[in-house]
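With CSV, C-alpha atoms and all ligand atoms inside, this is data_2.csv:
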chain,number,residue,atom,x,y,z
A,1,MET,CA,10.6,40.0,46.5
A,2,VAL,CA,13.5,42.5,46.0
A,3,TYR,CA,16.8,41.1,44.8
A,4,VAL,CA,19.9,42.4,46.4
A,5,ILE,CA,23.5,42.7,45.1
A,6,SER,CA,26.4,43.6,47.3
A,7,ARG,CA,28.7,46.6,46.6
A,8,GLU,CA,31.2,44.2,45.1
A,9,GLY,CA,28.6,42.8,42.7
A,10,GLN,CA,27.9,39.5,44.5
A,11,PRO,CA,24.3,38.4,44.8
A,12,LEU,CA,22.9,38.3,48.4
A,13,MET,CA,19.7,36.8,49.8
A,14,PRO,CA,16.6,38.7,48.5
A,15,THR,CA,14.4,40.6,50.9
A,16,THR,CA,10.7,41.2,51.2
A,17,ARG,CA,11.1,44.2,53.6
A,18,HIS,CA,9.8,46.8,51.1
A,19,GLY,CA,9.7,49.5,53.8
A,20,LYS,CA,13.4,49.1,54.5
A,21,VAL,CA,14.2,49.1,50.8
A,22,LYS,CA,12.3,52.3,50.3
A,23,HIS,CA,14.0,53.9,53.3
A,24,LEU,CA,17.5,52.9,51.9
A,25,LEU,CA,16.6,54.2,48.5
A,26,ARG,CA,15.6,57.6,49.9
A,27,GLU,CA,18.8,57.8,51.9
A,28,GLY,CA,20.8,57.0,48.7
A,29,LYS,CA,22.4,53.9,50.3
A,30,VAL,CA,21.3,51.6,47.5
A,31,LYS,CA,20.7,52.0,43.8
A,32,VAL,CA,18.2,50.4,41.5
A,33,ILE,CA,20.1,48.4,38.8
A,34,LYS,CA,17.1,46.6,37.3
A,35,ARG,CA,13.4,47.3,37.2
A,36,CYS,CA,12.1,43.8,36.4
A,37,PRO,CA,12.9,41.7,38.4
A,38,PHE,CA,13.4,44.6,40.8
A,39,THR,CA,17.1,44.5,41.8
A,40,ILE,CA,19.1,46.8,44.0
A,41,GLN,CA,22.8,47.2,44.7
A,42,LEU,CA,24.1,48.3,48.1
A,43,THR,CA,26.6,51.1,48.1
A,44,TYR,CA,28.0,50.2,51.6
A,45,GLU,CA,29.9,47.2,52.8
A,46,SER,CA,27.7,44.3,54.0
A,47,THR,CA,28.0,40.8,55.4
A,48,THR,CA,27.4,38.0,52.9
A,49,HIS,CA,25.2,35.6,54.8
A,50,THR,CA,23.5,33.2,52.3
A,51,GLN,CA,21.4,30.1,52.5
A,52,PRO,CA,21.5,27.1,50.1
A,53,ILE,CA,19.4,27.8,47.0
A,54,THR,CA,18.7,25.4,44.3
A,55,LEU,CA,17.7,26.5,40.8
A,56,GLY,CA,15.5,24.0,38.9
A,57,VAL,CA,15.4,24.3,35.1
A,58,ASP,CA,12.6,22.8,33.0
A,59,ALA,CA,14.3,22.9,29.7
A,60,GLY,CA,12.1,22.9,26.6
A,61,SER,CA,12.0,23.7,23.0
A,62,LYS,CA,9.2,26.2,23.2
A,63,THR,CA,8.9,27.2,26.9
A,64,VAL,CA,11.5,27.2,29.6
A,65,GLY,CA,10.5,27.1,33.3
A,66,LEU,CA,12.8,28.3,36.1
A,67,SER,CA,12.4,28.1,39.8
A,68,ALA,CA,14.9,29.0,42.6
A,69,THR,CA,14.0,27.6,46.0
A,70,THR,CA,15.3,27.2,49.5
A,71,GLU,CA,13.9,24.3,51.5
A,72,THR,CA,11.0,26.4,52.7
A,73,GLU,CA,10.3,29.1,50.0
A,74,GLU,CA,10.4,29.9,46.4
A,75,LEU,CA,12.6,32.9,45.6
A,76,TYR,CA,12.2,33.2,41.9
A,77,ALA,CA,9.9,31.7,39.3
A,78,SER,CA,9.8,32.4,35.6
A,79,GLU,CA,8.4,31.1,32.3
A,80,THR,CA,10.0,32.0,29.1
A,81,LYS,CA,8.8,31.7,25.5
A,82,LEU,CA,11.6,31.0,23.1
A,83,ARG,CA,11.6,32.1,19.5
A,84,THR,CA,9.9,29.8,17.1
A,85,ASP,CA,10.2,32.0,13.9
A,86,ILE,CA,13.8,31.2,13.0
A,87,VAL,CA,13.3,28.2,10.7
A,88,GLU,CA,10.6,30.1,8.8
A,89,LEU,CA,12.7,33.3,8.5
A,90,LEU,CA,15.7,31.4,7.2
A,91,ALA,CA,13.6,29.6,4.7
A,92,THR,CA,12.2,32.9,3.5
A,93,LYS,CA,15.6,34.3,3.2
A,94,ARG,CA,16.8,31.4,1.2
A,95,GLN,CA,13.9,31.9,-1.2
A,96,TYR,CA,14.7,35.5,-1.7
A,97,ARG,CA,18.3,34.7,-2.4
A,98,ARG,CA,17.3,32.1,-5.0
A,99,SER,CA,14.9,34.4,-6.8
A,100,LYS,CA,17.6,37.1,-6.8
A,101,ARG,CA,19.9,34.8,-8.8
A,102,SER,CA,17.6,34.7,-11.8
A,103,ARG,CA,17.1,38.4,-11.8
A,104,LYS,CA,19.3,41.0,-13.3
A,105,THR,CA,20.4,43.2,-10.4
A,106,ARG,CA,23.0,45.8,-9.7
A,107,TYR,CA,26.2,44.6,-8.0
A,108,ARG,CA,26.2,44.9,-4.3
A,109,LYS,CA,29.3,44.2,-2.2
A,110,PRO,CA,29.0,41.2,0.1
A,111,ARG,CA,28.1,42.5,3.5
A,112,PHE,CA,29.6,39.8,5.7
A,113,SER,CA,30.6,36.2,5.4
A,114,ASN,CA,27.8,34.0,6.5
A,115,ARG,CA,29.1,30.9,4.7
A,116,VAL,CA,31.5,29.7,7.4
A,117,ARG,CA,30.5,27.1,9.9
A,118,SER,CA,32.3,27.0,13.2
A,119,LYS,CA,35.2,24.5,12.9
A,120,ASN,CA,34.4,23.2,16.4
A,121,LYS,CA,32.4,20.0,16.5
A,122,GLY,CA,29.5,21.7,18.2
A,123,TRP,CA,27.7,23.2,15.3
A,124,PHE,CA,23.9,23.4,15.6
A,125,ALA,CA,21.2,24.6,13.3
A,126,PRO,CA,20.5,28.3,14.0
A,127,SER,CA,17.1,27.5,15.6
A,128,VAL,CA,18.8,24.9,18.0
A,129,GLU,CA,21.6,27.3,18.7
A,130,HIS,CA,19.1,30.0,19.7
A,131,LYS,CA,17.5,27.5,22.1
A,132,VAL,CA,20.8,26.4,23.7
A,133,ASN,CA,22.0,30.0,24.1
A,134,SER,CA,18.7,31.2,25.5
A,135,HIS,CA,18.7,28.5,28.2
A,136,LEU,CA,22.3,29.6,29.1
A,137,LYS,CA,21.3,33.2,29.3
A,138,LEU,CA,18.3,32.6,31.4
A,139,VAL,CA,20.4,30.6,33.9
A,140,ALA,CA,23.1,33.2,33.9
A,141,ASP,CA,20.6,36.0,34.6
A,142,VAL,CA,19.3,34.2,37.7
A,143,TYR,CA,22.9,33.6,38.9
A,144,LYS,CA,23.3,37.4,38.7
A,145,ILE,CA,20.6,38.2,41.2
A,146,LEU,CA,20.5,35.1,43.5
A,147,PRO,CA,23.4,33.3,45.3
A,148,ILE,CA,22.5,29.9,43.7
A,149,THR,CA,24.4,27.0,45.3
A,150,GLU,CA,23.0,24.1,43.2
A,151,LEU,CA,21.6,23.7,39.7
A,152,VAL,CA,19.3,20.9,38.6
A,153,VAL,CA,18.3,20.4,34.9
A,154,GLU,CA,15.8,18.0,33.4
A,155,VAL,CA,17.6,16.5,30.4
A,156,ALA,CA,15.1,14.1,29.0
A,157,SER,CA,11.6,12.7,29.8
A,158,PHE,CA,13.0,9.2,30.4
A,159,ASP,CA,16.3,7.5,31.2
A,160,ILE,CA,17.1,5.2,28.3
A,161,GLN,CA,20.2,3.8,30.0
A,162,LYS,CA,18.1,2.6,32.9
A,163,ILE,CA,15.6,0.9,30.6
A,164,LYS,CA,18.3,-0.9,28.5
A,165,ASN,CA,20.0,-2.1,31.6
A,166,PRO,CA,17.7,-2.4,34.7
A,167,ASN,CA,20.6,-3.6,36.9
A,168,ILE,CA,22.7,-0.5,36.4
A,169,SER,CA,24.2,0.7,39.6
A,170,GLY,CA,25.5,4.0,40.9
A,171,ALA,CA,24.2,6.6,43.3
A,172,GLU,CA,22.0,8.3,40.7
A,173,TYR,CA,20.2,5.0,40.0
A,174,GLN,CA,19.2,4.3,43.6
A,175,GLN,CA,15.4,4.6,43.3
A,176,GLY,CA,12.4,2.5,43.9
A,177,GLU,CA,10.6,0.1,41.6
A,178,LYS,CA,7.7,2.4,41.4
A,179,LEU,CA,9.8,5.1,39.9
A,180,ASP,CA,11.3,2.6,37.4
A,181,ALA,CA,7.7,1.9,36.2
A,182,TRP,CA,7.2,5.6,35.6
A,183,ASN,CA,10.4,5.7,33.6
A,184,VAL,CA,9.3,2.8,31.4
A,185,ARG,CA,5.9,4.4,30.9
A,186,GLU,CA,7.3,7.6,29.6
A,187,TYR,CA,9.6,5.7,27.3
A,188,VAL,CA,6.7,3.6,25.9
A,189,LEU,CA,4.6,6.7,25.3
A,190,TRP,CA,7.4,8.3,23.4
A,191,ARG,CA,8.1,5.2,21.4
A,192,ASP,CA,4.5,5.0,20.3
A,193,GLY,CA,4.5,8.7,19.4
A,194,HIS,CA,2.1,9.6,22.1
A,195,THR,CA,-0.7,7.9,20.1
A,196,CYS,CA,-3.1,5.2,20.9
A,197,GLN,CA,-1.9,2.1,19.1
A,198,HIS,CA,-5.4,0.7,18.6
A,199,CYS,CA,-7.4,3.6,17.2
A,200,LYS,CA,-4.4,5.6,16.2
A,201,GLY,CA,-5.9,8.7,17.8
A,202,LYS,CA,-9.3,8.4,16.2
A,203,SER,CA,-11.1,8.4,19.5
A,204,LYS,CA,-9.7,11.9,20.2
A,205,ASP,CA,-9.2,10.8,23.8
A,206,LYS,CA,-6.3,12.7,25.2
A,207,ILE,CA,-5.7,10.5,28.3
A,208,LEU,CA,-3.1,7.9,27.4
A,209,GLN,CA,-2.3,4.8,29.4
A,210,THR,CA,0.1,1.9,29.0
A,211,HIS,CA,-1.4,-1.5,28.6
A,212,HIS,CA,0.3,-4.8,29.5
A,213,LEU,CA,-0.1,-7.2,26.5
A,214,GLU,CA,0.6,-10.2,28.7
A,215,SER,CA,-0.3,-9.7,32.4
A,216,ARG,CA,2.3,-8.0,34.5
A,217,LYS,CA,3.0,-11.3,36.2
A,218,VAL,CA,3.7,-13.2,33.0
A,219,GLY,CA,5.1,-10.6,30.7
A,220,GLY,CA,6.7,-8.3,33.2
A,221,ASP,CA,7.2,-4.5,33.0
A,222,ALA,CA,9.7,-4.5,30.0
A,223,PRO,CA,8.8,-2.0,27.3
A,224,ASN,CA,8.1,-4.8,24.7
A,225,ASN,CA,5.2,-6.0,26.9
A,226,LEU,CA,3.7,-2.5,27.0
A,227,VAL,CA,1.8,-0.5,24.5
A,228,THR,CA,0.1,2.9,24.5
A,229,LEU,CA,-3.7,2.9,24.5
A,230,CYS,CA,-6.1,5.8,25.0
A,231,LYS,CA,-8.4,5.5,28.0
A,232,THR,CA,-11.4,4.9,25.8
A,233,CYS,CA,-9.8,1.9,24.0
A,234,HIS,CA,-8.2,0.6,27.2
A,235,ASP,CA,-11.5,0.6,29.1
A,236,ALA,CA,-13.4,-0.9,26.2
A,237,TYR,CA,-10.8,-3.7,26.0
A,238,HIS,CA,-11.0,-4.6,29.6
A,239,ALA,CA,-14.8,-4.5,29.5
A,240,GLY,CA,-14.5,-7.1,26.7
A,241,LYS,CA,-16.1,-4.8,24.1
A,242,ILE,CA,-13.2,-4.8,21.6
A,243,GLN,CA,-10.4,-7.0,20.4
A,244,LEU,CA,-7.1,-5.4,20.2
A,245,ASN,CA,-5.4,-5.6,16.9
A,246,LEU,CA,-1.8,-5.0,17.9
A,247,LYS,CA,1.7,-6.4,17.4
A,248,ARG,CA,3.9,-6.8,20.4
A,249,GLY,CA,5.5,-3.5,21.2
A,250,ALA,CA,8.4,-2.6,19.0
A,251,SER,CA,11.9,-3.2,20.2
A,252,PHE,CA,14.1,-0.3,21.2
A,253,ARG,CA,13.7,2.7,19.0
A,254,ASP,CA,16.9,4.7,19.0
A,255,ALA,CA,16.6,7.5,21.4
A,256,ALA,CA,19.9,9.0,20.5
A,257,PHE,CA,18.4,12.0,18.6
A,258,MET,CA,16.1,12.8,21.3
A,259,GLY,CA,16.7,16.0,23.2
A,260,ILE,CA,19.9,17.1,21.4
A,261,MET,CA,19.2,20.7,22.6
A,262,ARG,CA,18.8,19.7,26.2
A,263,TRP,CA,21.9,17.6,26.2
A,264,ALA,CA,23.9,20.4,24.6
A,265,PHE,CA,22.6,22.8,27.1
A,266,TYR,CA,23.5,20.5,30.0
A,267,ASN,CA,27.0,19.9,28.7
A,268,LYS,CA,27.6,23.6,28.3
A,269,LEU,CA,26.3,24.2,31.8
A,270,LYS,CA,28.8,21.7,33.2
A,271,GLU,CA,31.7,23.8,31.8
A,272,VAL,CA,30.5,26.9,33.6
A,273,TYR,CA,28.8,25.7,36.8
A,274,PRO,CA,30.4,23.0,38.9
A,275,ASN,CA,27.3,22.2,40.9
A,276,VAL,CA,25.0,21.1,38.1
A,277,SER,CA,23.1,17.8,38.2
A,278,MET,CA,20.5,16.2,36.0
A,279,THR,CA,17.1,14.7,36.5
A,280,TYR,CA,14.4,13.1,34.2
A,281,GLY,CA,10.9,14.1,33.3
A,282,TYR,CA,9.3,10.9,34.7
A,283,ILE,CA,10.7,11.8,38.2
A,284,THR,CA,9.4,15.4,37.9
A,285,LYS,CA,6.0,14.1,36.8
A,286,HIS,CA,5.9,11.6,39.7
A,287,VAL,CA,6.8,14.3,42.2
A,288,ARG,CA,4.3,16.8,40.8
A,289,ILE,CA,1.4,14.3,40.8
A,290,ASN,CA,2.3,12.9,44.2
A,291,ASN,CA,2.1,16.4,45.7
A,292,ASP,CA,-1.1,17.3,43.8
A,293,LEU,CA,0.4,20.3,42.0
A,294,GLU,CA,-0.9,21.9,38.8
A,295,LYS,CA,1.0,21.4,35.6
A,296,THR,CA,2.9,24.5,34.5
A,297,HIS,CA,6.5,25.0,33.5
A,298,ALA,CA,7.3,27.0,36.6
A,299,VAL,CA,5.8,24.3,38.9
A,300,ASP,CA,7.7,21.6,37.1
A,301,ALA,CA,10.8,23.7,37.6
A,302,ARG,CA,10.0,23.9,41.3
A,303,CYS,CA,9.7,20.1,41.4
A,304,ILE,CA,13.0,19.8,39.6
A,305,SER,CA,14.7,22.1,42.1
A,306,GLY,CA,13.8,19.4,44.7
A,307,HIS,CA,11.5,21.5,46.9
A,308,PRO,CA,8.1,20.9,45.4
A,309,LEU,CA,6.4,22.1,48.6
A,310,ALA,CA,8.4,25.3,49.0
A,311,GLU,CA,6.0,28.3,49.7
A,312,PRO,CA,5.2,29.6,46.1
A,313,LEU,CA,6.4,33.1,45.3
A,314,GLY,CA,3.0,34.3,44.2
A,315,VAL,CA,4.6,36.2,41.4
A,316,ILE,CA,5.9,34.9,38.1
A,317,TYR,CA,8.2,36.6,35.6
A,318,ASN,CA,6.8,36.0,32.1
A,319,GLN,CA,9.5,36.3,29.5
A,320,LYS,CA,9.8,36.2,25.7
A,321,PHE,CA,12.7,36.2,23.3
A,322,VAL,CA,12.2,38.4,20.2
A,323,ARG,CA,14.2,39.1,17.1
A,324,CYS,CA,16.5,42.1,17.1
A,325,ASN,CA,16.5,43.3,13.6
A,326,ASN,CA,14.7,43.0,10.3
A,327,ARG,CA,17.5,43.7,7.8
A,328,SER,CA,15.4,43.2,4.6
A,329,LEU,CA,16.1,46.1,2.3
A,330,HIS,CA,12.9,45.8,0.3
A,331,LYS,CA,9.4,44.4,0.8
A,332,ALA,CA,9.1,41.0,-0.8
A,333,ASN,CA,6.4,41.6,-3.4
A,334,PRO,CA,6.9,44.6,-5.8
A,335,LYS,CA,3.6,46.4,-6.5
A,336,LYS,CA,3.3,47.7,-10.1
A,337,GLY,CA,7.0,46.9,-10.6
A,338,VAL,CA,8.1,49.2,-7.8
A,339,ARG,CA,10.2,47.6,-5.1
A,340,LYS,CA,9.1,49.2,-1.9
A,341,SER,CA,11.7,50.0,0.8
A,342,ASN,CA,11.4,47.9,4.0
A,343,GLN,CA,13.2,50.6,6.1
A,344,ALA,CA,10.4,51.7,8.4
A,345,PRO,CA,11.7,54.3,10.8
A,346,ARG,CA,13.2,52.6,13.8
A,347,TYR,CA,12.0,55.2,16.3
A,348,VAL,CA,8.6,56.8,16.2
A,349,GLN,CA,8.3,59.7,18.7
A,350,GLY,CA,11.2,58.1,20.7
A,351,TYR,CA,9.6,54.7,20.9
A,352,GLN,CA,10.7,51.6,19.1
A,353,LEU,CA,9.3,48.1,18.7
A,354,PHE,CA,9.1,46.1,22.0
A,355,ASP,CA,9.8,49.0,24.2
A,356,LYS,CA,8.1,48.6,27.6
A,357,VAL,CA,5.7,51.4,28.2
A,358,LYS,CA,3.2,52.5,30.8
A,359,PHE,CA,-0.4,53.2,29.7
A,360,GLU,CA,-3.0,54.1,32.3
A,361,ASP,CA,-1.1,52.3,35.1
A,362,LYS,CA,-0.7,49.2,32.9
A,363,GLU,CA,2.8,48.0,31.9
A,364,CYS,CA,2.8,46.7,28.3
A,365,PHE,CA,4.9,46.5,25.2
A,366,VAL,CA,4.9,48.2,21.8
A,367,PHE,CA,4.0,45.5,19.3
A,368,GLY,CA,3.3,47.9,16.4
A,369,ARG,CA,4.1,51.5,15.5
A,370,ARG,CA,2.9,53.9,12.9
A,371,SER,CA,4.7,57.0,11.7
A,372,SER,CA,1.6,59.0,12.6
A,373,GLY,CA,2.6,58.4,16.3
A,374,TYR,CA,0.0,55.8,17.1
A,375,PHE,CA,1.0,52.5,18.7
A,376,ASP,CA,-0.4,48.9,19.0
A,377,ILE,CA,0.4,48.0,22.6
A,378,ARG,CA,0.0,44.5,24.1
A,379,LEU,CA,0.9,42.2,27.0
A,380,LEU,CA,3.6,39.6,26.4
A,381,ASP,CA,1.1,36.8,25.7
A,382,GLY,CA,-0.4,38.9,22.9
A,383,THR,CA,-3.5,40.3,24.8
A,384,SER,CA,-4.3,43.6,23.3
A,385,VAL,CA,-4.3,46.6,25.6
A,386,HIS,CA,-4.9,49.3,23.0
A,387,LYS,CA,-4.9,48.9,19.2
A,388,SER,CA,-4.0,52.6,18.4
A,389,VAL,CA,-2.9,54.8,21.2
A,390,GLY,CA,-1.3,58.2,20.8
A,391,TYR,CA,2.3,58.6,21.9
A,392,LYS,CA,1.4,61.3,24.4
A,393,LYS,CA,-0.5,58.8,26.5
A,394,LEU,CA,2.6,56.6,26.8
A,395,ARG,CA,5.6,56.7,29.1
A,396,LEU,CA,8.8,54.8,28.4
A,397,LEU,CA,9.7,52.3,31.2
A,398,GLU,CA,12.4,50.2,29.6
A,399,GLN,CA,14.2,50.2,26.3
A,400,ARG,CA,13.7,47.0,24.3
A,401,SER,CA,16.1,44.1,24.4
A,402,SER,CA,16.0,40.7,22.9
A,403,LEU,CA,14.5,39.3,26.1
A,404,LEU,CA,11.3,41.0,27.3
A,405,THR,CA,10.2,40.5,30.9
A,406,GLU,CA,6.8,41.1,32.5
A,407,ARG,CA,5.7,40.6,36.1
A,408,ARG,CA,2.5,38.6,36.7
A,409,GLN,CA,0.6,37.5,39.7
A,410,ALA,CA,0.7,33.7,39.7
B,1,ZN,ZN,-7.7,4.5,21.2
Would you mind writing the file's structure down as structure tokens?
Amino acid sequence: MVYVISREGQPLMPTTRHGKVKHLLREGKVKVIKRCPFTIQLTYESTTHTQPITLGVDAGSKTVGLSATTETEELYASETKLRTDIVELLATKRQYRRSKRSRKTRYRKPRFSNRVRSKNKGWFAPSVEHKVNSHLKLVADVYKILPITELVVEVASFDIQKIKNPNISGAEYQQGEKLDAWNVREYVLWRDGHTCQHCKGKSKDKILQTHHLESRKVGGDAPNNLVTLCKTCHDAYHAGKIQLNLKRGASFRDAAFMGIMRWAFYNKLKEVYPNVSMTYGYITKHVRINNDLEKTHAVDARCISGHPLAEPLGVIYNQKFVRCNNRSLHKANPKKGVRKSNQAPRYVQGYQLFDKVKFEDKECFVFGRRSSGYFDIRLLDGTSVHKSVGYKKLRLLEQRSSLLTERRQA
């Protein structure tokens, strides 16, 4: 799939006609503006015929799935790993600062004010803010290369309003009884901490089910008649082998704190994109299982986009957010009283950390560099390609950025 942008910068429908693209490139009628995903811009005037495209977003705190689909085919699919090192890094920084206070040190001018929290109400912890901003950037990046007409986001795994008030009305609540049961099920699993309430996880059985304390006829499908059991305990109970030692399911646990990040993301999206709507995890799960699809973030995103059976793209863009800088001036632990400088050279033979390089026809990333000119190169998931390869065998493909992208066969 080649993504196409008009002369004026508007995204157009992508093309799979590689021959034509090659021809246009040779004639100089288009220019390449991005290598991965491969995007070209026309230099001549064109018509702007587009079809409706929905972008589904499987928001998550570790991995984000995106999928842009028309009714018949998938046009873009990606899975992105977010940074998980922020909490740890800030804790380390705090420790350094504290130990510095009890030390006699030379005076250093303050470098910048990092003591001011934004006066707006929407302050988030740095790790949460990274997550929200990353989601926004990923969506914006797709809007740059595809003429998206609709945006759908999964905001939570279940709909607490619907459970609290089953008779709620409104267009978004018009769904069957079967789906309602899926909603309650997701809620009960969450309330019980995704743990079997009989063996408390001792059976190591990963398959969890919801058990009706009183029969469905008598007790109904309300959450307080349901409890989470692993398949092992559930089967044993119904075979009459064990007695359950349970209290009736707890009453509503406050779900307010759940999914702060996803709600913040959704609210910020609403400010920028008028055509955004939301969906819930239990609906995604229902659609995915009904259509017999495998469970990945990209597939979930395709289900969220509303076209689960769109022809898969066959290619997935793997992405990863990485830190930009390490500004520590010194290594943490002085050896023999000498505080070693942390300022490793940024460039070694023209390469820096996380540059995308080509090695023997393979595209990979610089994960480690030595001043001797040898590099540790890997794929984005960490698979080693070469532990110590000389710089002469590498060719620079892309300079690093805070978001690394790699193309993979799905
Ligand atoms: Zn159990």
Report as a list in words which protein, DNA and RNA residues come within 8 Å of ligand ZN 1 (chain B), using only C-alpha atoms and all ligand atoms.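 Those residues are Thr195, Cys196, Gln197, His198, Cys199, Lys200, Gly201, Lys202, Ser203, Lys204, Asp205, Leu229, Cys230, Lys231, Thr232, Cys233 and His234 of chain A.
Considering the residues A:His212, A:Arg97, A:Lys144, A:Arg407 and counting only C-alpha atoms, A:Thr39 has its shortest atom-to-atom contact with A:Lys144.
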In Å, rounded to a single decimal, give me how far atom CA of A:Arg346 is from atom CA of A:Arg395. 17.6 Å
Up to 10 Å from (0.7, 36.9, 25.0) in the file's coordinates: name the residues, counting all atoms listed in the file, as a PyMOL selection string. chain A and resi 81+318-320+378-384
Counting only C-alpha atoms, figure out which residue out of A:Val128, A:Ala222, A:Ala140, A:Ala310 gets nearest to A:Ala264.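 Of A:Val128, A:Ala222, A:Ala140, A:Ala310, the one nearest A:Ala264, counting only C-alpha atoms, is A:Val128.
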Long-range neighbours of A:Gln349 as a list in words, 9 Å cut-off, only C-alpha atoms, 2 positions minimum in chain: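 Listed by chain and then number, they are Tyr347, Tyr351, Gln352, Ser371, Gly373 and Tyr391 of chain A.
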Between atom CA of A:Phe367 and atom CA of A:Arg327, distance in Å (one decimal):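 Atom CA of A:Arg327 lies at a distance of 17.8 Å from atom CA of A:Phe367.
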Among listed residues A:Lys109, A:His386, A:Lys356, A:Arg101, nearest A:Leu404 (using all atoms listed in the file):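 Smallest separation from A:Leu404 among the options: A:Lys356.
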Measuring between all atoms listed in the file, which one of A:Ile242, A:Val155, A:Met261, A:Cys364 shows the shortest distance to A:Gly281?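 Nearest to A:Gly281: A:Val155.
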If you count all atoms listed in the file, which residues fall within 8 Å of stretch 43-45 of chain A, apart from same-chain ones fewer than 5 positions away, as a count of residues only? 5
Just the residues within 12 Å of stretch 287-302 of chain A, please, counting all atoms listed in the file, with nothing from its chain fewer than 4 positions along; format it as a ChimeraX atom specification. /A:53-81,151-154,178-179,182,279-283,306-319,410
Which of A:Gln209, A:Thr228, A:Gln51, A:Lys34 sits closest to A:Pro14 [using all atoms listed in the file]: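 Nearest to A:Pro14: A:Gln51.
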Completed stretch 371-376 of chain A (all heavy atoms) as a short mmCIF file (atom, residue, chain, number, x, y, z; two decimals), in the coordinates of the input:
data_model
loop_
_atom_site.label_atom_id
_atom_site.label_comp_id
_atom_site.auth_asym_id
_atom_site.auth_seq_id
_atom_site.Cartn_x
_atom_site.Cartn_y
_atom_site.Cartn_z
N SER A 371 3.99 55.70 11.72
CA SER A 371 4.70 57.00 11.70
C SER A 371 3.86 58.13 12.12
O SER A 371 4.36 59.19 12.46
CB SER A 371 5.31 57.19 10.29
OG SER A 371 4.29 57.00 9.34
N SER A 372 2.54 57.91 12.14
CA SER A 372 1.60 59.00 12.60
C SER A 372 1.73 59.17 14.11
O SER A 372 1.16 60.12 14.65
CB SER A 372 0.20 58.63 12.21
OG SER A 372 -0.12 57.34 12.69
N GLY A 373 2.46 58.29 14.81
CA GLY A 373 2.60 58.40 16.30
C GLY A 373 1.62 57.64 17.06
O GLY A 373 1.41 57.90 18.25
N TYR A 374 0.98 56.66 16.41
CA TYR A 374 0.00 55.80 17.10
C TYR A 374 0.60 54.39 17.26
O TYR A 374 1.28 53.90 16.36
CB TYR A 374 -1.32 55.80 16.43
CG TYR A 374 -2.07 57.09 16.68
CD1 TYR A 374 -1.80 58.22 15.92
CD2 TYR A 374 -2.99 57.17 17.72
CE1 TYR A 374 -2.45 59.41 16.17
CE2 TYR A 374 -3.64 58.36 17.98
CZ TYR A 374 -3.37 59.48 17.20
OH TYR A 374 -4.01 60.64 17.48
N PHE A 375 0.31 53.74 18.39
CA PHE A 375 1.00 52.50 18.70
C PHE A 375 -0.04 51.37 19.02
O PHE A 375 -1.10 51.63 19.59
CB PHE A 375 1.91 52.63 19.88
CG PHE A 375 3.04 53.57 19.61
CD1 PHE A 375 2.89 54.94 19.80
CD2 PHE A 375 4.25 53.10 19.14
CE1 PHE A 375 3.92 55.81 19.53
CE2 PHE A 375 5.29 53.96 18.87
CZ PHE A 375 5.13 55.32 19.06
N ASP A 376 0.35 50.14 18.66
CA ASP A 376 -0.40 48.90 19.00
C ASP A 376 0.33 48.39 20.28
O ASP A 376 1.49 47.98 20.17
CB ASP A 376 -0.36 47.94 17.88
CG ASP A 376 -1.03 46.62 18.22
OD1 ASP A 376 -1.55 46.50 19.35
OD2 ASP A 376 -1.01 45.72 17.37
#
